[in-house]
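**Student:** If you scroll down you'll find the structure; I have some questions about it.
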Amino acid sequence: MKKFWSFALALSVSSFCGPPKPSPLVSGLLIPPATPAAVVPPVEIVQGTLVAVASGTETNEFGNRVRLSVRLGKAPTTSLQVCLVTTNEFAGTVVVASPVFASAAPCNSPFLTFTPENWETNQTVSIQGERGVVGVSGDTTYFIDLRIISTEDAFKNVAVSRLTLINRDIDVAGATFIRINVVNLNGTLVLQNNASNNLTFTESGINNFTQALTNGSTYSISVLTQPTGQICAAQESAFGTVTGTTVTINFNCVTGYVFNGTIFGTANPPTLGQSFASLTTLAGTASSGNVNGIGTVARFNNPIAVATDGSNLFVADFGNNAVRRMSLGNNQVTTLATVNGAHGVATDGTNVYVASQTRHTITKVVIATGASSIIGGSDGISGNVNGASGTSRFNSPTYLTTDGVNLYITDRANITIRRILLATGVASSALSLGLNSPNGIATDGRYIYIANTNSHNILRFDLLGTSSQALIIAGDDTTPFASGTTDNAIGTTARFNSPYGLALDGTYLYVLEGTGRRLRRVTLSGTFPVTTIAIAPASTGLLDGALGTPPGLATARFCNNATCDTSLTTDGNFLYLADRNLHTIRRFGY
């Protein structure tokens, strides 16, 4: 017979061990997780059918868990289910995660499946303490019942086995604990509340910060450490004021790394291939509209900005006052949310952040649900005010990007680059000197790159530096407002004609010119040399095909207007263009 060792157990068919003595709670507003009871020999239930061993007998309202190892005591001839039923879901619940299946027939509760092949293999079940009723004090005793469902005589009439648990209370009069629910975590996530109280997750689940907050006080949840290879972000607001009711913030984790408002699969953003040779339309046609569908069935109306999470493109569909989503797998276009005046977009994989030019606001849209909330500015009210969410003011914000911690926003009418700290919602000014109708922005986390449209140059601002001014890295740095189309091995002797949209990979900055109607490339090292990738021919029309410089060698047509005032993004494989005046989403290929 196999032997199992664990913390104190209370598992039997017809009788139960007495509950352990409660662990003392520390007075005041700081309550540690419950201390497990002393180690005793395990209780094995062997009725010829079922063996179950628990890691302890206490959960608590912080979300602490008990692990239950379950296997069969004999081999079945066919598959059978072990149903897992909690008698009080306000006290504790069975976590649905492999190998536990979600509630379904024949159990109508979470369950395990055993087969003639795996009957001796221990399957681990997690029982998680729940928050209970806020303000109601006292520990709660509850049970997890294990019931076998089988058509075999040896199993079908087996008595229910029961695990007795206690869920420890954490209520403090006049105070609230901030509860966090993390999903899709694969690693270690460390969160921090109010820059002092840390909470560590090593698996998906629910837990509370250990510091209770008195009613009327504020909270601010930031990510202190991201899991390796994942980005976790809050779906609800990460900041607010406690009012005596439960505050639960859901954090979703996605695979990848945030870089310039997009998600890449590697920590070091890949450099795109440089032999751009073709242009392909992925969705939409030259006729405007508002239609969801696949590829050219879909219709856009002045799509002006794009961002990607690696699987989807998110489009600011300016004329339709919407954020659209296009699957990179099949070019299926759907509407994610309505945002009036949607002009700029960026994503952290969990949310899409949207700059509303006409409503002077910054909005967060949850990708999973489409729920939206204003996190900066006030709807329809322009201004130039730094400060907390609800009091800050913007004036015609256009483009934006994120490094996962801050949003950086082109506040165009205020001629300023603004910053919103996502953990607090507080807006501040990042750069205001040397700007002349700024538009597209990009960041690698250290620098912000800015398309300084009316000065016809590209700026780089050091986020970690002490200077309040940006450096001109490409375009004229001597003659005010000098425009042109000259390439050059020295960036400041090159000439741009109204640089507008920007995209960034690991080596290059890509610049879409407005009036110049060119796609240019700036090497982000040495003397910042500039080269031209493609020129939009003067003739109008929407045509896919070859790119060329000079344009006479090209068959492709893009930017069907006097200006190419729109933007780009990359997923590490291709460049994507929101071809605004041709109402399409397009891809530069090789």
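Each chain of the structure tokens is named A, B, ... in the order shown, its residues numbered from 1; ligands are numbered from 1 in display order.
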Identify all residues of segment 290-458 of chain A in helix (DSSP H, G or I) (DSSP on the backbone) and supply them as an mmCIF file with N, CA, C and O atoms, in the first residue's frame.
**Tutor:**
data_model
loop_
_atom_site.group_PDB
_atom_site.id
_atom_site.type_symbol
_atom_site.label_atom_id
_atom_site.label_comp_id
_atom_site.auth_asym_id
_atom_site.auth_seq_id
_atom_site.Cartn_x
_atom_site.Cartn_y
_atom_site.Cartn_z
ATOM 1 N N GLY A 295 -12.084 39.840 -44.481
ATOM 2 C CA GLY A 295 -11.336 40.439 -45.578
ATOM 3 C C GLY A 295 -12.053 41.598 -46.242
ATOM 4 O O GLY A 295 -12.496 42.545 -45.582
ATOM 5 N N THR A 296 -12.207 41.507 -47.542
ATOM 6 C CA THR A 296 -12.790 42.605 -48.310
ATOM 7 C C THR A 296 -14.298 42.723 -48.146
ATOM 8 O O THR A 296 -14.910 43.662 -48.670
ATOM 9 N N VAL A 297 -14.906 41.798 -47.430
ATOM 10 C CA VAL A 297 -16.329 41.951 -47.087
ATOM 11 C C VAL A 297 -16.490 43.055 -46.043
ATOM 12 O O VAL A 297 -17.492 43.769 -46.019
ATOM 13 N N PHE A 318 -11.839 55.710 -37.107
ATOM 14 C CA PHE A 318 -12.186 57.076 -36.733
ATOM 15 C C PHE A 318 -13.582 57.481 -37.212
ATOM 16 O O PHE A 318 -14.383 58.017 -36.445
ATOM 17 N N GLY A 319 -13.882 57.233 -38.467
ATOM 18 C CA GLY A 319 -15.159 57.660 -39.025
ATOM 19 C C GLY A 319 -16.346 56.905 -38.483
ATOM 20 O O GLY A 319 -17.476 57.404 -38.524
ATOM 21 N N ASN A 320 -16.112 55.694 -37.962
ATOM 22 C CA ASN A 320 -17.198 54.900 -37.380
ATOM 23 C C ASN A 320 -17.246 55.003 -35.862
ATOM 24 O O ASN A 320 -18.051 54.310 -35.226
ATOM 25 N N ARG A 412 -2.226 66.769 -28.940
ATOM 26 C CA ARG A 412 -1.816 67.591 -30.080
ATOM 27 C C ARG A 412 -2.141 69.066 -29.920
ATOM 28 O O ARG A 412 -1.292 69.924 -30.155
ATOM 29 N N ALA A 413 -3.363 69.401 -29.539
ATOM 30 C CA ALA A 413 -3.719 70.818 -29.441
ATOM 31 C C ALA A 413 -2.988 71.524 -28.301
ATOM 32 O O ALA A 413 -2.825 72.746 -28.322
ATOM 33 N N ASN A 414 -2.534 70.753 -27.310
ATOM 34 C CA ASN A 414 -1.730 71.330 -26.231
ATOM 35 C C ASN A 414 -0.236 71.301 -26.549
ATOM 36 O O ASN A 414 0.578 71.763 -25.739
ATOM 37 N N THR A 453 5.716 66.834 -36.883
ATOM 38 C CA THR A 453 5.232 66.974 -38.253
ATOM 39 C C THR A 453 5.583 68.307 -38.896
ATOM 40 O O THR A 453 6.172 68.348 -39.989
ATOM 41 N N ASN A 454 5.234 69.401 -38.275
ATOM 42 C CA ASN A 454 5.419 70.700 -38.938
ATOM 43 C C ASN A 454 6.849 71.211 -38.898
ATOM 44 O O ASN A 454 7.176 72.202 -39.563
ATOM 45 N N SER A 455 7.713 70.563 -38.119
ATOM 46 C CA SER A 455 9.139 70.884 -38.176
ATOM 47 C C SER A 455 9.896 69.891 -39.046
ATOM 48 O O SER A 455 11.112 70.000 -39.206
#
**Student:** Skip His456 of chain A itself and residues of its chain fewer than 5 positions away, then list as a ChimeraX atom specification all residues within 12 Å of it, counting only C-alpha atoms.
**Tutor:** /A:434-439,450-451,472-486,492-500,511-516
**Student:** List as a PyMOL selection string the protein and nucleic acid residues near Thr151 of chain A, meaning an atom at most 12 Å away when only C-alpha atoms are counted, but skip any in the same chain fewer than 6 places from it.
**Tutor:** chain A and resi 76-81+106+157-158
**Student:** DSSP on the backbone: which residues in segment 290-532 of chain A end up as strand (DSSP E or B)? Give the answer as a PyMOL selection string.
**Tutor:** chain A and resi 291+293-294+299+303-308+312-317+322-327+332-338+342-347+351-356+361-366+372-378+381+385+387+393+397-402+406-411+416-421+427-431+438-443+447-452+457-462+471-475+488+499-504+508-513+518-523+530-532
**Student:** Residues near Ala427 of chain A, anyone? I mean within 10 Å using only C-alpha atoms, not counting same-chain ones fewer than 4 positions away, as a ChimeraX atom specification.
**Tutor:** /A:375-377,385-389,391-394,406-409,418-422
**Student:** Would you save the residues of that selection, restricted to all heavy atoms, as a short mmCIF file (atom, residue, chain, number, x, y, z; two decimals), in the first residue's frame?
**Tutor:**
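Resulting contents of result.cif:
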data_model
loop_
_atom_site.label_atom_id
_atom_site.label_comp_id
_atom_site.auth_asym_id
_atom_site.auth_seq_id
_atom_site.Cartn_x
_atom_site.Cartn_y
_atom_site.Cartn_z
N ILE A 375 -10.12 56.74 -18.52
CA ILE A 375 -9.06 56.80 -17.51
C ILE A 375 -8.30 58.12 -17.55
O ILE A 375 -7.43 58.35 -16.69
CB ILE A 375 -8.07 55.62 -17.66
CG1 ILE A 375 -7.37 55.67 -19.02
CG2 ILE A 375 -8.79 54.30 -17.46
CD1 ILE A 375 -6.25 54.65 -19.14
N GLY A 376 -8.60 58.97 -18.50
CA GLY A 376 -7.94 60.27 -18.57
C GLY A 376 -8.82 61.28 -19.28
O GLY A 376 -9.48 60.95 -20.27
N GLY A 377 -8.88 62.51 -18.75
CA GLY A 377 -9.71 63.54 -19.35
C GLY A 377 -11.16 63.42 -18.94
O GLY A 377 -11.55 62.52 -18.18
N VAL A 385 -4.73 70.02 -18.10
CA VAL A 385 -4.64 69.88 -16.65
C VAL A 385 -4.02 68.53 -16.31
O VAL A 385 -4.51 67.49 -16.77
CB VAL A 385 -6.02 70.00 -15.97
CG1 VAL A 385 -5.89 69.85 -14.46
CG2 VAL A 385 -6.70 71.30 -16.34
N ASN A 386 -2.95 68.54 -15.53
CA ASN A 386 -2.38 67.31 -15.00
C ASN A 386 -3.10 66.93 -13.71
O ASN A 386 -3.73 67.77 -13.07
CB ASN A 386 -0.89 67.49 -14.72
CG ASN A 386 -0.08 67.61 -16.00
OD1 ASN A 386 -0.39 66.96 -17.00
ND2 ASN A 386 0.96 68.43 -15.97
N GLY A 387 -3.00 65.66 -13.34
CA GLY A 387 -3.62 65.24 -12.09
C GLY A 387 -4.31 63.91 -12.22
O GLY A 387 -4.14 63.17 -13.20
N ALA A 388 -5.12 63.59 -11.22
CA ALA A 388 -5.76 62.29 -11.12
C ALA A 388 -6.82 62.10 -12.19
O ALA A 388 -7.34 63.07 -12.77
CB ALA A 388 -6.38 62.14 -9.73
N SER A 389 -7.14 60.83 -12.44
CA SER A 389 -8.23 60.50 -13.36
C SER A 389 -9.51 61.17 -12.88
O SER A 389 -9.86 61.12 -11.70
CB SER A 389 -8.43 58.99 -13.40
OG SER A 389 -9.51 58.63 -14.21
N THR A 391 -9.92 64.42 -13.02
CA THR A 391 -9.59 65.84 -12.95
C THR A 391 -8.65 66.27 -14.07
O THR A 391 -8.55 67.45 -14.37
CB THR A 391 -8.94 66.19 -11.60
OG1 THR A 391 -7.70 65.49 -11.48
CG2 THR A 391 -9.85 65.82 -10.44
N SER A 392 -7.94 65.31 -14.69
CA SER A 392 -7.03 65.66 -15.79
C SER A 392 -7.82 66.09 -17.01
O SER A 392 -8.99 65.73 -17.18
CB SER A 392 -6.13 64.47 -16.14
OG SER A 392 -6.91 63.36 -16.56
N ARG A 393 -7.17 66.90 -17.86
CA ARG A 393 -7.81 67.38 -19.08
C ARG A 393 -6.82 67.29 -20.24
O ARG A 393 -5.63 67.58 -20.08
CB ARG A 393 -8.28 68.83 -18.93
CG ARG A 393 -9.36 69.03 -17.87
CD ARG A 393 -10.68 68.40 -18.28
NE ARG A 393 -11.73 68.63 -17.28
CZ ARG A 393 -12.02 67.81 -16.27
NH1 ARG A 393 -11.32 66.70 -16.13
NH2 ARG A 393 -12.98 68.10 -15.43
N PHE A 394 -7.35 66.91 -21.42
CA PHE A 394 -6.58 66.84 -22.65
C PHE A 394 -7.26 67.68 -23.71
O PHE A 394 -8.44 68.04 -23.57
CB PHE A 394 -6.48 65.39 -23.14
CG PHE A 394 -5.72 64.48 -22.21
CD1 PHE A 394 -6.32 63.91 -21.10
CD2 PHE A 394 -4.39 64.18 -22.45
CE1 PHE A 394 -5.64 63.08 -20.23
CE2 PHE A 394 -3.68 63.34 -21.60
CZ PHE A 394 -4.30 62.80 -20.49
N ASN A 406 3.27 52.91 -18.23
CA ASN A 406 2.74 54.23 -18.56
C ASN A 406 2.08 54.21 -19.92
O ASN A 406 2.45 53.42 -20.80
CB ASN A 406 3.87 55.27 -18.60
CG ASN A 406 4.57 55.44 -17.28
OD1 ASN A 406 4.08 56.12 -16.39
ND2 ASN A 406 5.75 54.83 -17.14
N LEU A 407 1.13 55.11 -20.09
CA LEU A 407 0.66 55.48 -21.42
C LEU A 407 1.33 56.80 -21.78
O LEU A 407 1.41 57.72 -20.95
CB LEU A 407 -0.85 55.70 -21.45
CG LEU A 407 -1.78 54.49 -21.45
CD1 LEU A 407 -3.23 54.97 -21.47
CD2 LEU A 407 -1.51 53.60 -22.64
N TYR A 408 1.81 56.90 -23.02
CA TYR A 408 2.35 58.16 -23.53
C TYR A 408 1.41 58.63 -24.64
O TYR A 408 1.08 57.86 -25.55
CB TYR A 408 3.77 57.97 -24.04
CG TYR A 408 4.73 57.57 -22.95
CD1 TYR A 408 5.10 56.24 -22.79
CD2 TYR A 408 5.24 58.50 -22.07
CE1 TYR A 408 5.96 55.86 -21.77
CE2 TYR A 408 6.11 58.14 -21.04
CZ TYR A 408 6.47 56.81 -20.90
OH TYR A 408 7.31 56.44 -19.89
N ILE A 409 1.00 59.89 -24.57
CA ILE A 409 -0.07 60.40 -25.42
C ILE A 409 0.37 61.67 -26.13
O ILE A 409 0.93 62.57 -25.49
CB ILE A 409 -1.34 60.69 -24.60
CG1 ILE A 409 -1.79 59.44 -23.85
CG2 ILE A 409 -2.46 61.23 -25.48
CD1 ILE A 409 -1.92 59.64 -22.37
N ARG A 418 2.01 63.76 -23.18
CA ARG A 418 1.55 63.53 -21.81
C ARG A 418 1.80 62.08 -21.42
O ARG A 418 2.00 61.21 -22.27
CB ARG A 418 0.05 63.85 -21.71
CG ARG A 418 -0.35 65.23 -22.19
CD ARG A 418 -0.03 66.32 -21.19
NE ARG A 418 -0.89 66.24 -20.02
CZ ARG A 418 -2.17 66.68 -19.99
NH1 ARG A 418 -2.73 67.19 -21.06
NH2 ARG A 418 -2.87 66.60 -18.86
N ARG A 419 1.72 61.84 -20.12
CA ARG A 419 1.94 60.51 -19.58
C ARG A 419 0.85 60.21 -18.55
O ARG A 419 0.53 61.06 -17.73
CB ARG A 419 3.32 60.44 -18.94
CG ARG A 419 3.59 59.19 -18.13
CD ARG A 419 5.05 59.10 -17.66
NE ARG A 419 5.64 60.39 -17.39
CZ ARG A 419 6.94 60.65 -17.48
NH1 ARG A 419 7.77 59.71 -17.85
NH2 ARG A 419 7.40 61.84 -17.19
N ILE A 420 0.29 58.98 -18.58
CA ILE A 420 -0.62 58.51 -17.55
C ILE A 420 -0.01 57.27 -16.92
O ILE A 420 0.30 56.29 -17.61
CB ILE A 420 -2.02 58.17 -18.11
CG1 ILE A 420 -2.73 59.41 -18.62
CG2 ILE A 420 -2.87 57.49 -17.03
CD1 ILE A 420 -4.09 59.14 -19.23
N LEU A 421 0.21 57.29 -15.61
CA LEU A 421 0.68 56.12 -14.88
C LEU A 421 -0.52 55.20 -14.66
O LEU A 421 -1.49 55.57 -13.99
CB LEU A 421 1.29 56.55 -13.54
CG LEU A 421 1.87 55.43 -12.67
CD1 LEU A 421 2.97 54.67 -13.39
CD2 LEU A 421 2.38 56.01 -11.35
N LEU A 422 -0.48 54.00 -15.23
CA LEU A 422 -1.64 53.12 -15.23
C LEU A 422 -2.04 52.67 -13.84
O LEU A 422 -3.21 52.38 -13.58
CB LEU A 422 -1.37 51.91 -16.12
CG LEU A 422 -1.26 52.21 -17.62
CD1 LEU A 422 -0.81 50.98 -18.39
CD2 LEU A 422 -2.58 52.73 -18.17
#
